[in-house]
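Asker: My file is data-v4.cif. It has mmCIF, C-alpha atoms:
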```cif
data_data
#
loop_
_atom_site.label_atom_id
_atom_site.label_comp_id
_atom_site.auth_asym_id
_atom_site.auth_seq_id
_atom_site.Cartn_x
_atom_site.Cartn_y
_atom_site.Cartn_z
CA MET E 400 58.11 146.99 117.50
CA ALA E 401 59.29 144.35 115.02
CA PRO E 402 56.66 143.28 112.44
CA SER E 403 55.06 139.89 113.11
CA PRO E 404 55.59 137.01 110.65
CA ILE E 405 51.93 137.37 109.59
CA SER E 406 52.28 141.04 108.72
CA ARG E 407 55.61 140.35 106.96
CA PHE E 408 53.91 137.63 104.89
CA PHE E 409 51.07 139.90 103.80
CA SER E 410 53.48 142.78 103.13
CA SER E 411 55.43 140.48 100.81
CA LEU E 412 52.22 139.36 99.07
CA LEU E 413 51.12 142.96 98.60
CA ALA E 414 54.50 143.96 97.20
CA LEU E 415 54.47 141.00 94.82
CA SER E 416 50.95 141.73 93.64
CA LEU E 417 51.77 145.41 93.07
CA ALA E 418 54.88 144.49 91.15
CA THR E 419 52.84 142.08 89.03
CA SER E 420 50.20 144.73 88.32
CA VAL E 421 52.84 147.30 87.33
CA SER E 422 54.52 144.75 85.08
CA VAL E 423 51.22 143.84 83.42
CA SER E 424 50.22 147.46 82.86
CA GLY E 425 53.68 148.12 81.42
CA GLN E 426 53.15 145.40 78.86
CA LYS E 427 49.75 146.87 78.03
CA GLU E 428 51.28 150.20 77.12
CA LYS E 429 53.77 148.63 74.74
CA LYS E 430 51.34 146.69 72.58
CA ALA E 431 47.73 145.64 72.48
CA ASP E 432 47.34 142.30 74.20
CA PRO E 433 45.30 139.55 72.53
CA ALA E 434 43.30 139.15 75.72
CA ASP E 435 42.03 142.72 75.34
CA THR E 436 40.49 141.83 72.01
CA LEU E 437 38.26 139.13 73.39
CA GLN E 438 34.52 139.37 73.39
CA TYR E 439 32.51 138.53 76.51
CA LYS E 440 35.57 138.73 78.67
CA TYR E 441 33.56 138.47 81.88
CA LEU E 442 31.82 135.24 80.90
CA PRO E 443 33.34 132.12 82.50
CA THR E 444 35.59 129.93 80.39
CA GLY E 445 36.08 126.95 82.68
CA LEU E 446 35.04 125.24 85.87
CA ARG E 447 37.91 123.92 87.97
CA ILE E 448 37.15 121.17 90.49
CA GLY E 449 39.70 119.72 92.85
CA THR E 450 40.49 118.26 96.21
CA ASP E 451 42.88 118.89 99.06
CA VAL E 452 45.60 116.23 99.02
CA LEU E 453 46.83 117.09 102.54
CA SER E 454 43.37 116.26 103.94
CA ILE E 455 43.48 112.82 102.36
CA ILE E 456 46.99 112.17 103.69
CA LYS E 457 45.99 113.35 107.19
CA SER E 458 42.94 111.09 107.20
CA GLN E 459 45.07 108.10 106.21
CA THR E 460 47.82 108.70 108.75
CA ASP E 461 45.86 109.92 111.78
CA PRO E 462 43.15 107.51 113.00
CA THR E 463 41.55 110.23 115.15
CA PHE E 464 41.00 112.66 112.26
CA LYS E 465 38.79 112.07 109.23
CA LEU E 466 38.80 114.90 106.71
CA TRP E 467 38.10 115.53 103.05
CA GLU E 468 37.54 118.69 101.09
CA VAL E 469 36.36 119.52 97.57
CA ASN E 470 37.26 122.84 95.97
CA ALA E 471 35.83 124.55 92.90
CA ASP E 472 36.30 127.84 91.15
CA LEU E 473 34.84 129.58 88.12
CA ASP E 474 36.58 132.39 86.26
CA PHE E 475 35.12 135.77 85.39
CA ASN E 476 38.14 137.30 83.71
CA ARG E 477 40.57 138.10 86.52
CA TYR E 478 37.95 137.38 89.21
CA TYR E 479 37.12 133.88 90.43
CA LEU E 480 34.12 132.62 92.34
CA ALA E 481 35.46 130.05 94.79
CA VAL E 482 33.44 127.43 96.69
CA ASP E 483 34.77 124.76 99.05
CA TYR E 484 32.89 121.95 100.76
CA GLY E 485 34.34 119.58 103.31
CA SER E 486 33.76 116.99 105.98
CA TRP E 487 35.62 116.90 109.32
CA ALA E 488 35.47 114.44 112.22
CA LYS E 489 37.98 114.60 115.05
CA GLN E 490 38.50 112.76 118.33
CA MET E 491 40.71 114.22 121.04
CA THR E 492 41.89 112.99 124.41
CA ILE E 493 41.92 115.50 127.24
CA ASP E 494 44.75 114.79 129.63
CA ASN E 495 46.09 117.41 132.01
CA GLY E 496 48.37 115.06 133.91
CA THR E 497 46.03 114.70 136.89
CA LYS E 498 43.25 112.23 137.62
CA ILE E 499 40.38 114.68 137.23
CA ASN E 500 39.06 117.11 134.60
CA ASN E 501 40.15 114.66 131.90
CA GLY E 502 38.15 112.85 129.26
CA SER E 503 37.50 113.08 125.54
CA TYR E 504 36.08 115.52 123.00
CA GLU E 505 34.82 114.61 119.56
CA ASN E 506 33.08 116.40 116.74
CA ASN E 507 31.67 115.53 113.35
CA GLY E 508 30.39 117.94 110.75
CA LYS E 509 30.40 119.56 107.34
CA TYR E 510 31.57 122.99 106.30
CA PHE E 511 31.59 125.23 103.26
CA ARG E 512 33.30 128.40 102.19
CA VAL E 513 32.15 130.88 99.55
CA GLY E 514 34.16 133.80 98.30
CA GLY E 515 36.23 135.30 95.55
CA ASP E 516 39.80 135.45 94.35
CA ILE E 517 41.58 138.09 92.30
CA ASN E 518 44.15 136.74 89.90
CA PHE E 519 47.24 138.91 89.52
CA LEU E 520 48.58 136.93 86.53
CA LEU E 521 45.79 137.93 84.17
CA LYS E 522 47.88 137.87 81.01
CA ASP E 523 49.26 134.40 81.53
CA PRO E 524 48.23 132.36 78.43
CA ASP E 525 47.77 129.19 80.53
CA LYS E 526 45.62 131.05 83.06
CA ASN E 527 48.05 130.25 85.86
CA MET E 528 47.19 132.17 88.97
CA PHE E 529 48.70 134.04 91.82
CA PHE E 530 45.72 135.20 93.80
CA LEU E 531 44.46 136.94 96.89
CA GLY E 532 40.95 136.26 98.09
CA PHE E 533 38.32 136.35 100.76
CA ARG E 534 35.90 133.71 102.05
CA LEU E 535 32.87 133.53 104.29
CA ALA E 536 32.73 130.13 105.93
CA ASN E 537 30.06 128.18 107.75
CA SER E 538 30.12 124.88 109.57
CA THR E 539 27.35 122.63 110.91
CA PHE E 540 28.36 119.91 113.34
CA ASP E 541 27.64 117.76 116.39
CA HIS E 542 30.04 117.55 119.32
CA THR E 543 30.35 115.73 122.63
CA LEU E 544 32.53 116.17 125.70
CA ASN E 545 32.89 113.47 128.35
CA TYR E 546 34.93 114.39 131.42
CA SER E 547 35.39 113.86 135.11
CA MET E 548 34.93 116.52 137.76
CA ARG E 549 35.70 116.37 141.45
CA TYR E 550 33.04 117.86 143.70
CA LYS E 551 33.27 118.46 147.41
CA GLY E 552 30.56 120.68 148.77
CA PRO E 553 27.23 121.06 150.51
CA TYR E 554 25.14 119.34 147.84
CA THR E 555 27.04 116.09 147.32
CA ALA E 556 29.59 114.16 149.32
CA ASP E 557 33.21 114.36 148.18
CA THR E 558 33.06 112.50 144.89
CA VAL E 559 34.29 112.38 141.32
CA LEU E 560 31.39 113.05 138.97
CA LEU E 561 31.37 111.79 135.40
CA LYS E 562 29.86 114.53 133.29
CA SER E 563 28.81 114.67 129.68
CA ALA E 564 27.85 117.62 127.48
CA THR E 565 26.66 117.31 123.93
CA ALA E 566 25.04 119.44 121.22
CA SER E 567 23.69 118.67 117.76
CA GLY E 568 23.17 121.01 114.85
CA VAL E 569 25.71 123.52 116.10
CA THR E 570 26.50 126.22 113.54
CA ALA E 571 29.71 128.20 113.39
CA SER E 572 30.91 130.89 111.04
CA TRP E 573 34.15 132.74 110.37
CA MET E 574 36.01 134.70 107.69
CA GLU E 575 39.15 133.88 105.76
CA VAL E 576 41.76 135.85 103.86
CA THR E 577 43.40 133.63 101.28
CA ALA E 578 46.50 133.70 99.10
CA GLY E 579 47.82 131.08 96.77
CA ILE E 580 48.80 129.83 93.35
CA ARG E 581 47.28 127.62 90.62
CA VAL E 582 49.64 126.13 88.06
CA LYS E 583 48.72 124.17 84.95
CA ILE E 584 50.62 120.87 84.90
CA VAL E 585 49.19 119.34 81.72
CA SER E 586 46.07 120.07 79.72
CA GLY E 587 43.11 120.09 82.09
CA PHE E 588 45.21 119.13 85.15
CA TRP E 589 46.23 121.73 87.69
CA MET E 590 48.05 121.98 90.98
CA GLY E 591 47.49 124.63 93.62
CA CYS E 592 48.35 125.81 97.11
CA THR E 593 46.15 127.96 99.29
CA ALA E 594 47.14 129.61 102.56
CA ARG E 595 44.26 130.72 104.76
CA LEU E 596 44.18 133.22 107.58
CA LYS E 597 40.99 132.33 109.47
CA LEU E 598 39.38 135.06 111.57
CA SER E 599 36.58 135.80 114.03
CA PRO E 600 34.96 132.44 114.77
CA SER E 601 31.52 132.44 116.38
CA TYR E 602 28.97 129.72 117.11
CA LYS E 603 25.27 129.14 117.85
CA ASN E 604 23.08 126.31 119.19
CA SER E 605 25.46 124.85 121.75
CA PRO E 606 24.08 126.13 125.06
CA ASN E 607 25.96 123.76 127.39
CA LEU E 608 29.27 123.18 125.64
CA VAL E 609 31.78 125.62 124.20
CA PRO E 610 33.19 124.12 120.97
CA TYR E 611 36.80 123.14 121.37
CA ASP E 612 37.37 122.39 117.70
CA ILE E 613 35.20 123.72 114.87
CA PRO E 614 35.12 121.64 111.65
CA GLY E 615 36.79 123.66 108.91
CA TYR E 616 38.21 126.21 111.33
CA GLY E 617 40.17 124.48 114.08
CA LEU E 618 40.56 125.57 117.68
CA TYR E 619 37.74 127.91 118.66
CA GLU E 620 39.76 129.47 121.49
CA GLN E 621 42.17 130.86 118.86
CA PRO E 622 40.72 134.09 117.44
CA THR E 623 42.99 133.73 114.38
CA TYR E 624 44.11 130.44 112.92
CA TRP E 625 46.18 129.32 109.94
CA GLY E 626 45.21 126.75 107.35
CA PHE E 627 46.98 125.37 104.30
CA ASN E 628 45.77 123.31 101.34
CA TYR E 629 47.74 121.54 98.65
CA GLN E 630 45.24 120.92 95.89
CA LEU E 631 44.89 119.03 92.62
CA PHE E 632 42.34 120.32 90.11
CA TRP E 633 40.70 119.24 86.92
CA ARG E 634 39.46 122.02 84.66
CA PHE E 635 36.37 121.57 82.51
CA PRO E 636 36.08 124.19 79.76
CA VAL E 637 32.62 125.70 79.42
CA ARG E 638 33.41 128.20 76.68
CA LYS E 639 36.22 128.78 74.28
CA LEU E 640 37.85 132.16 74.12
CA LYS E 641 36.79 133.77 70.88
CA ALA E 642 38.89 136.42 69.24
CA ARG E 643 37.32 139.48 67.62
CA PRO E 644 37.69 139.65 63.85
CA VAL E 645 40.62 141.81 62.91
CA ALA E 646 39.52 145.07 61.26
CA LYS E 647 40.53 145.28 57.62
CA SER E 648 42.88 148.10 56.79
CA LYS E 649 41.69 150.52 54.10
CA MET A 644 53.94 114.49 136.08
CA ALA A 645 53.38 118.21 136.52
CA SER A 646 49.83 119.52 136.44
CA CYS A 647 48.78 121.83 133.62
CA PHE A 648 48.06 124.52 136.19
CA ASN A 649 51.81 125.06 136.42
CA LYS A 650 51.54 126.53 132.93
CA GLY A 651 50.66 130.17 132.50
CA ASP A 652 48.25 129.54 129.63
CA CYS A 653 46.09 127.07 131.61
CA LEU A 654 44.10 129.71 133.41
CA LYS A 655 41.19 128.19 135.33
CA THR A 656 38.55 130.78 136.22
CA ASN A 657 35.46 128.68 136.89
CA THR A 658 33.69 128.58 140.27
CA ASP A 659 30.39 127.41 141.73
CA LYS A 660 30.17 130.38 144.09
CA VAL A 661 27.81 133.28 143.56
CA ARG A 662 28.98 136.50 145.21
CA ILE A 663 26.29 138.60 146.87
CA ILE A 664 26.58 142.10 148.31
CA PHE A 665 24.01 143.89 150.47
CA LYS A 666 23.37 147.59 149.81
CA LYS A 667 21.18 150.28 151.31
CA LYS A 668 18.19 151.07 149.15
CA ALA A 669 18.26 154.71 150.22
CA ASP A 670 21.74 155.63 148.98
CA GLY A 671 23.10 152.50 147.28
CA LYS A 672 26.00 152.28 149.71
CA SER A 673 27.27 149.01 151.11
CA ASP A 674 25.18 147.70 154.02
CA THR A 675 26.33 145.50 156.87
CA ILE A 676 23.86 142.91 158.13
CA THR A 677 23.83 140.06 160.62
CA LEU A 678 23.37 136.88 158.65
CA ASN A 679 22.06 134.25 161.05
CA SER A 680 21.86 131.49 158.46
CA VAL A 681 21.53 130.67 154.78
CA THR A 682 20.27 127.27 153.68
CA ALA A 683 19.49 125.80 150.30
CA GLN A 684 15.99 124.38 149.97
CA ASN A 685 15.87 120.57 150.27
CA PHE A 686 19.32 120.48 151.89
CA THR A 687 19.61 120.36 155.66
CA THR A 688 23.20 121.50 156.05
CA PRO A 689 23.28 125.31 156.24
CA LEU A 690 25.60 127.12 153.83
CA ILE A 691 26.17 129.82 156.43
CA SER A 692 25.46 129.41 160.16
CA ASN A 693 26.63 130.98 163.42
CA ALA A 694 25.47 134.57 162.97
CA GLN A 695 28.03 136.52 160.97
CA VAL A 696 28.21 140.28 160.54
CA LEU A 697 29.07 141.00 156.93
CA ASN A 698 28.08 142.86 153.79
CA ILE A 699 29.52 140.60 151.10
CA PHE A 700 29.62 136.82 150.97
CA ASP A 701 29.77 133.82 148.63
CA LEU A 702 27.14 131.07 148.34
CA ARG A 703 27.74 127.79 146.55
CA ILE A 704 25.17 126.80 143.97
CA ASP A 705 24.00 123.26 143.27
CA PRO A 706 26.07 122.17 140.22
CA ASN A 707 23.72 119.28 139.46
CA GLN A 708 20.70 121.53 138.95
CA ARG A 709 19.94 124.62 136.89
CA PHE A 710 18.62 126.47 139.94
CA THR A 711 19.20 126.84 143.67
CA ASN A 712 16.66 128.19 146.15
CA PHE A 713 18.31 129.95 149.10
CA ILE A 714 16.56 130.77 152.38
CA PHE A 715 18.05 133.70 154.29
CA GLU A 716 17.56 134.51 157.96
CA TYR A 717 19.10 137.90 158.70
CA LYS A 718 18.92 141.06 160.79
CA TYR A 719 19.57 144.64 159.67
CA THR A 720 19.29 148.05 161.28
CA ARG A 721 17.41 151.10 159.96
CA ASN A 722 16.97 154.33 161.93
CA LYS A 723 18.44 152.63 165.02
CA LYS A 724 15.77 149.94 164.84
CA ASP A 725 16.67 146.27 164.33
CA THR A 726 14.60 144.23 161.88
CA THR A 727 14.82 140.43 161.62
CA ARG A 728 13.56 138.80 158.43
CA ASN A 729 13.39 135.52 156.52
CA ASP A 730 13.57 135.84 152.74
CA THR A 731 14.03 133.44 149.85
CA LEU A 732 16.01 133.87 146.66
CA LYS A 733 15.71 131.41 143.80
CA ILE A 734 18.43 131.82 141.20
CA THR A 735 18.81 130.10 137.84
CA TYR A 736 21.96 129.54 135.79
CA ARG A 737 23.27 127.66 132.78
CA PRO A 738 26.09 125.12 133.13
CA LEU A 739 28.64 125.43 130.32
CA ALA A 740 31.42 122.87 129.84
CA ARG A 741 34.62 124.16 128.31
CA VAL A 742 38.01 122.82 127.23
CA SER A 743 40.60 125.56 126.89
CA ALA A 744 43.29 123.08 125.77
CA THR A 745 43.51 119.29 125.78
CA ASP A 746 46.47 119.42 128.19
CA CYS A 747 44.64 121.81 130.55
CA GLY A 748 41.45 119.84 131.11
CA ALA A 749 37.68 120.22 130.91
CA PHE A 750 35.86 122.47 133.37
CA LEU A 751 32.31 123.41 134.21
CA TYR A 752 31.40 127.10 134.10
CA PHE A 753 28.11 128.71 135.10
CA THR A 754 26.61 131.58 133.16
CA ASP A 755 23.31 133.42 132.47
CA LEU A 756 22.72 133.94 136.19
CA ASN A 757 19.24 135.27 136.91
CA TYR A 758 16.65 135.23 139.68
CA VAL A 759 13.11 133.96 139.29
CA LYS A 760 11.65 134.30 142.78
CA THR A 761 12.58 136.39 145.78
CA GLY A 762 11.22 137.92 148.95
CA PHE A 763 13.74 140.76 148.83
CA ASP A 764 12.41 144.15 147.78
CA SER A 765 15.05 144.92 145.20
CA ILE A 766 17.70 142.81 143.48
CA ARG A 767 20.09 143.51 140.65
CA ILE A 768 22.20 141.00 138.69
CA VAL A 769 25.44 142.82 137.98
CA ASN A 770 27.46 139.97 136.51
CA PRO A 771 25.70 136.91 135.06
CA GLN A 772 28.82 134.75 134.88
CA LEU A 773 30.33 133.02 137.91
CA LEU A 774 34.08 133.57 137.85
CA SER A 775 36.75 132.93 140.45
CA ASP A 776 38.01 136.51 140.13
CA GLY A 777 37.55 137.83 143.67
CA ALA A 778 36.68 141.33 142.46
CA ILE A 779 33.50 140.30 140.64
CA THR A 780 30.14 140.62 142.39
CA ASN A 781 27.20 138.76 140.87
CA ILE A 782 24.14 139.96 142.80
CA GLN A 783 23.31 143.18 144.63
CA ILE A 784 20.49 143.01 147.21
CA PHE A 785 19.03 146.34 148.33
CA LEU A 786 17.50 146.58 151.81
#
```
Turn the structure described in the file into structure tokens.
Answerer:
Amino acid sequence: MAPSPISRFFSSLLALSLATSVSVSGQKEKKADPADTLQYKYLPTGLRIGTDVLSIIKSQTDPTFKLWEVNADLDFNRYYLAVDYGSWAKQMTIDNGTKINNGSYENNGKYFRVGGDINFLLKDPDKNMFFLGFRLANSTFDHTLNYSMRYKGPYTADTVLLKSATASGVTASWMEVTAGIRVKIVSGFWMGCTARLKLSPSYKNSPNLVPYDIPGYGLYEQPTYWGFNYQLFWRFPVRKLKARPVAKSK
Amino acid sequence: MASCFNKGDCLKTNTDKVRIIFKKKADGKSDTITLNSVTAQNFTTPLISNAQVLNIFDLRIDPNQRFTNFIFEYKYTRNKKDTTRNDTLKITYRPLARVSATDCGAFLYFTDLNYVKTGFDSIRIVNPQLLSDGAITNIQIFL
């Protein structure tokens, strides 16, 4: 069976990350790297805060979709703690081409993701990143479905019923595998892209309505879903890298 | 314009029918009874009338409520002796609206089927979700 595009993508990422690791370890064998001489190498050096530009563009161009997202990460040597927080409100028209079982669905909620990234460009002096990561995500939202339903049976005469289902304080959770880059443009200003493979959505507190669209995830009926961010970041240094004193030769 | 049901991925599986099968308490095998009538409480029109000999049948639930109370009038045979009985069965369920795709439509499903009151000796819920798949039985009644 031919490999799927998803598996080909992750195979390529894995190959690239392995090649990067081999290259980095090769450099290490040749000469001692300045980064290896740093004290407190697992203490964070900077907090990076940014936003997803695609979300802003989508919100401006699509009147039925309001979305914003803030991203932050903190470095611990090659490991990064990543946190995202966002808002998502969507309105959808349900139209199956007939006169019944149509209507509208809308949701409105907030979501966050927490996880970690591993940077495979550890030795880059500008701390540029090519990373793989993992996130746990959670969303809290309200949603409403209004629709029409034809009923012909023993309890009601042949009629079209207008039905409504709503739920507040619905919670949903899912996992994400992430890959992406962060590139320093000028001092303190960074650009990044993140691709997300979202997995295993589940929800609670919506007894009468199955979520159609989960804020932060997308279509609930899809057990896996893709997401993509194009991000701009500002980095705020919290600590300067301090080099060890060089030992005097006898 | 073509309906979404022409598309393979717009699979509609909801129903408002609960499927009931009668079984013999002694051996658990399928039992054939004469069902004289089934009515839903507070509704005059019978759901089943004109005595029918059967062992499996579908009853429509009230979609505007979270319960339906059925009244059965039936006759069954044990040891060559006919017994005629009237029994009630009150079932509860949870309506669940679902949109599988915006171009397929919104549909009402029923789930968490249970019984809260019955005159039958023994009842078992075997599938708590009402689905239009003809092979799925929801309730077994043992006589």
Asker: Would you mind telling me which residue in E:Pro600, E:Pro524, E:Gly532, E:Pro553 lies nearest to chain A when using only C-alpha atoms?
Answerer: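 Comparing E:Pro600, E:Pro524, E:Gly532, E:Pro553 against chain A, the winner is E:Pro553.
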Asker: Here's the selection I'm unsure about, the PyMOL selection byres ((chain E) within 9 of (chain A)); applied to the file above, which residues does it give, as number ranges by chain?
Answerer: E: 491-497, 499-504, 544-548, 550, 552-555, 563-564, 606-611, 618, 620
Asker: So, counting only C-alpha atoms, which residue among A:Val661, A:Arg709, A:Lys667, A:Asp674 is closest to Ile768 of chain A?
Answerer: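 Answer, going by the shortest atom-to-atom distance: A:Val661.
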Asker: Could you tell me how far atom CA of Ile613 of chain E sits from atom CA of Val559 of chain E, in Å to one decimal place?
Answerer: 28.8 Å
Asker: Could you tell me which residues the PyMOL selection byres ((chain E and resi 638) around 8) returns for this structure, as a ChimeraX atom specification?
Answerer: /E:443-445,636-637,639-640
Asker: Kindly indicate which residue among A:Thr711, A:Gly777, A:Lys718, A:Ile699 lies nearest to Lys733 of chain A, using only C-alpha atoms for the distances.
Answerer: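 That would be A:Thr711, the residue with the smallest distance to Lys733 of chain A.
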Asker: Tell me, in Å to one decimal, how far atom CA of Gly485 of chain E is from atom CA of Thr450 of chain E.
Answerer: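 Interatomic distance, atom CA of Gly485 of chain E to atom CA of Thr450 of chain E: 9.5 Å.
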Asker: May I ask which of the residues E:Ala594, E:Val482, E:Ile448, E:Val469 is the closest one to Phe635 of chain E, counting only C-alpha atoms?
Answerer: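 Closest candidate: E:Ile448.
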Asker: What is the atom CA of Tyr479 of chain E to atom CA of Ser586 of chain E distance in Å?
Answerer: 19.6 Å
Asker: Tell me, as a ChimeraX atom specification, which residues lie within 7 Å of Gln684 of chain A, counting all atoms listed in the file; anything in the same chain fewer than 3 positions away does not count.
Answerer: /A:712-714
Asker: Given the choices A:Pro771, A:Asn722, A:Phe665, A:Asp701, which gets closest to Asp755 of chain A if the distance is worked out from all atoms listed in the file?
Answerer: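 Using all atoms listed in the file, the shortest distance to Asp755 of chain A belongs to A:Pro771.
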Asker: Could you add the missing atoms to segment 663-687 of chain A, up to N, CA and C atoms, and return them as a compact mmCIF listing (two decimals), in the coordinates of the input?
Answerer:
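Final output, result00.txt:
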```txt
# COMPACT_ATOMS: atom_id res chain seq x y z
N ILE A 663 27.43 137.72 146.58
CA ILE A 663 26.29 138.60 146.87
C ILE A 663 26.75 139.74 147.77
N ILE A 664 26.26 140.94 147.45
CA ILE A 664 26.58 142.10 148.31
C ILE A 664 25.26 142.76 148.72
N PHE A 665 25.18 143.16 149.99
CA PHE A 665 24.01 143.89 150.47
C PHE A 665 24.28 145.39 150.38
N LYS A 666 23.24 146.13 149.93
CA LYS A 666 23.37 147.59 149.81
C LYS A 666 22.13 148.26 150.40
N LYS A 667 22.31 149.51 150.79
CA LYS A 667 21.18 150.28 151.31
C LYS A 667 20.36 150.81 150.14
N LYS A 668 19.05 150.60 150.23
CA LYS A 668 18.19 151.07 149.15
C LYS A 668 18.20 152.59 149.04
N ALA A 669 18.36 153.25 150.20
CA ALA A 669 18.26 154.71 150.22
C ALA A 669 19.38 155.37 149.42
N ASP A 670 20.62 154.93 149.63
CA ASP A 670 21.74 155.63 148.98
C ASP A 670 22.63 154.71 148.14
N GLY A 671 22.32 153.43 148.10
CA GLY A 671 23.10 152.50 147.28
C GLY A 671 24.45 152.15 147.86
N LYS A 672 24.69 152.59 149.10
CA LYS A 672 26.00 152.28 149.71
C LYS A 672 25.96 150.89 150.35
N SER A 673 27.15 150.34 150.53
CA SER A 673 27.27 149.01 151.11
C SER A 673 26.62 148.95 152.49
N ASP A 674 25.92 147.84 152.77
CA ASP A 674 25.18 147.70 154.02
C ASP A 674 25.69 146.48 154.77
N THR A 675 25.89 146.62 156.06
CA THR A 675 26.33 145.50 156.87
C THR A 675 25.13 144.90 157.59
N ILE A 676 24.99 143.58 157.48
CA ILE A 676 23.86 142.91 158.13
C ILE A 676 24.39 141.77 159.02
N THR A 677 23.50 141.26 159.84
CA THR A 677 23.83 140.06 160.62
C THR A 677 23.13 138.89 159.95
N LEU A 678 23.93 138.02 159.36
CA LEU A 678 23.37 136.88 158.65
C LEU A 678 23.36 135.69 159.61
N ASN A 679 22.16 135.35 160.09
CA ASN A 679 22.06 134.25 161.05
C ASN A 679 22.27 132.90 160.37
N SER A 680 21.64 132.75 159.20
CA SER A 680 21.86 131.49 158.46
C SER A 680 21.41 131.63 157.01
N VAL A 681 22.00 130.82 156.17
CA VAL A 681 21.53 130.67 154.78
C VAL A 681 21.51 129.16 154.51
N THR A 682 20.36 128.68 154.07
CA THR A 682 20.27 127.27 153.68
C THR A 682 19.73 127.17 152.26
N ALA A 683 20.05 126.07 151.63
CA ALA A 683 19.49 125.80 150.30
C ALA A 683 18.30 124.87 150.49
N GLN A 684 17.20 125.18 149.81
CA GLN A 684 15.99 124.38 149.97
C GLN A 684 16.26 122.91 149.62
N ASN A 685 15.71 122.01 150.41
CA ASN A 685 15.87 120.57 150.27
C ASN A 685 17.23 120.06 150.76
N PHE A 686 18.04 120.92 151.31
CA PHE A 686 19.32 120.48 151.89
C PHE A 686 19.36 120.94 153.34
N THR A 687 19.70 120.04 154.23
CA THR A 687 19.61 120.36 155.66
C THR A 687 20.84 121.11 156.15
```
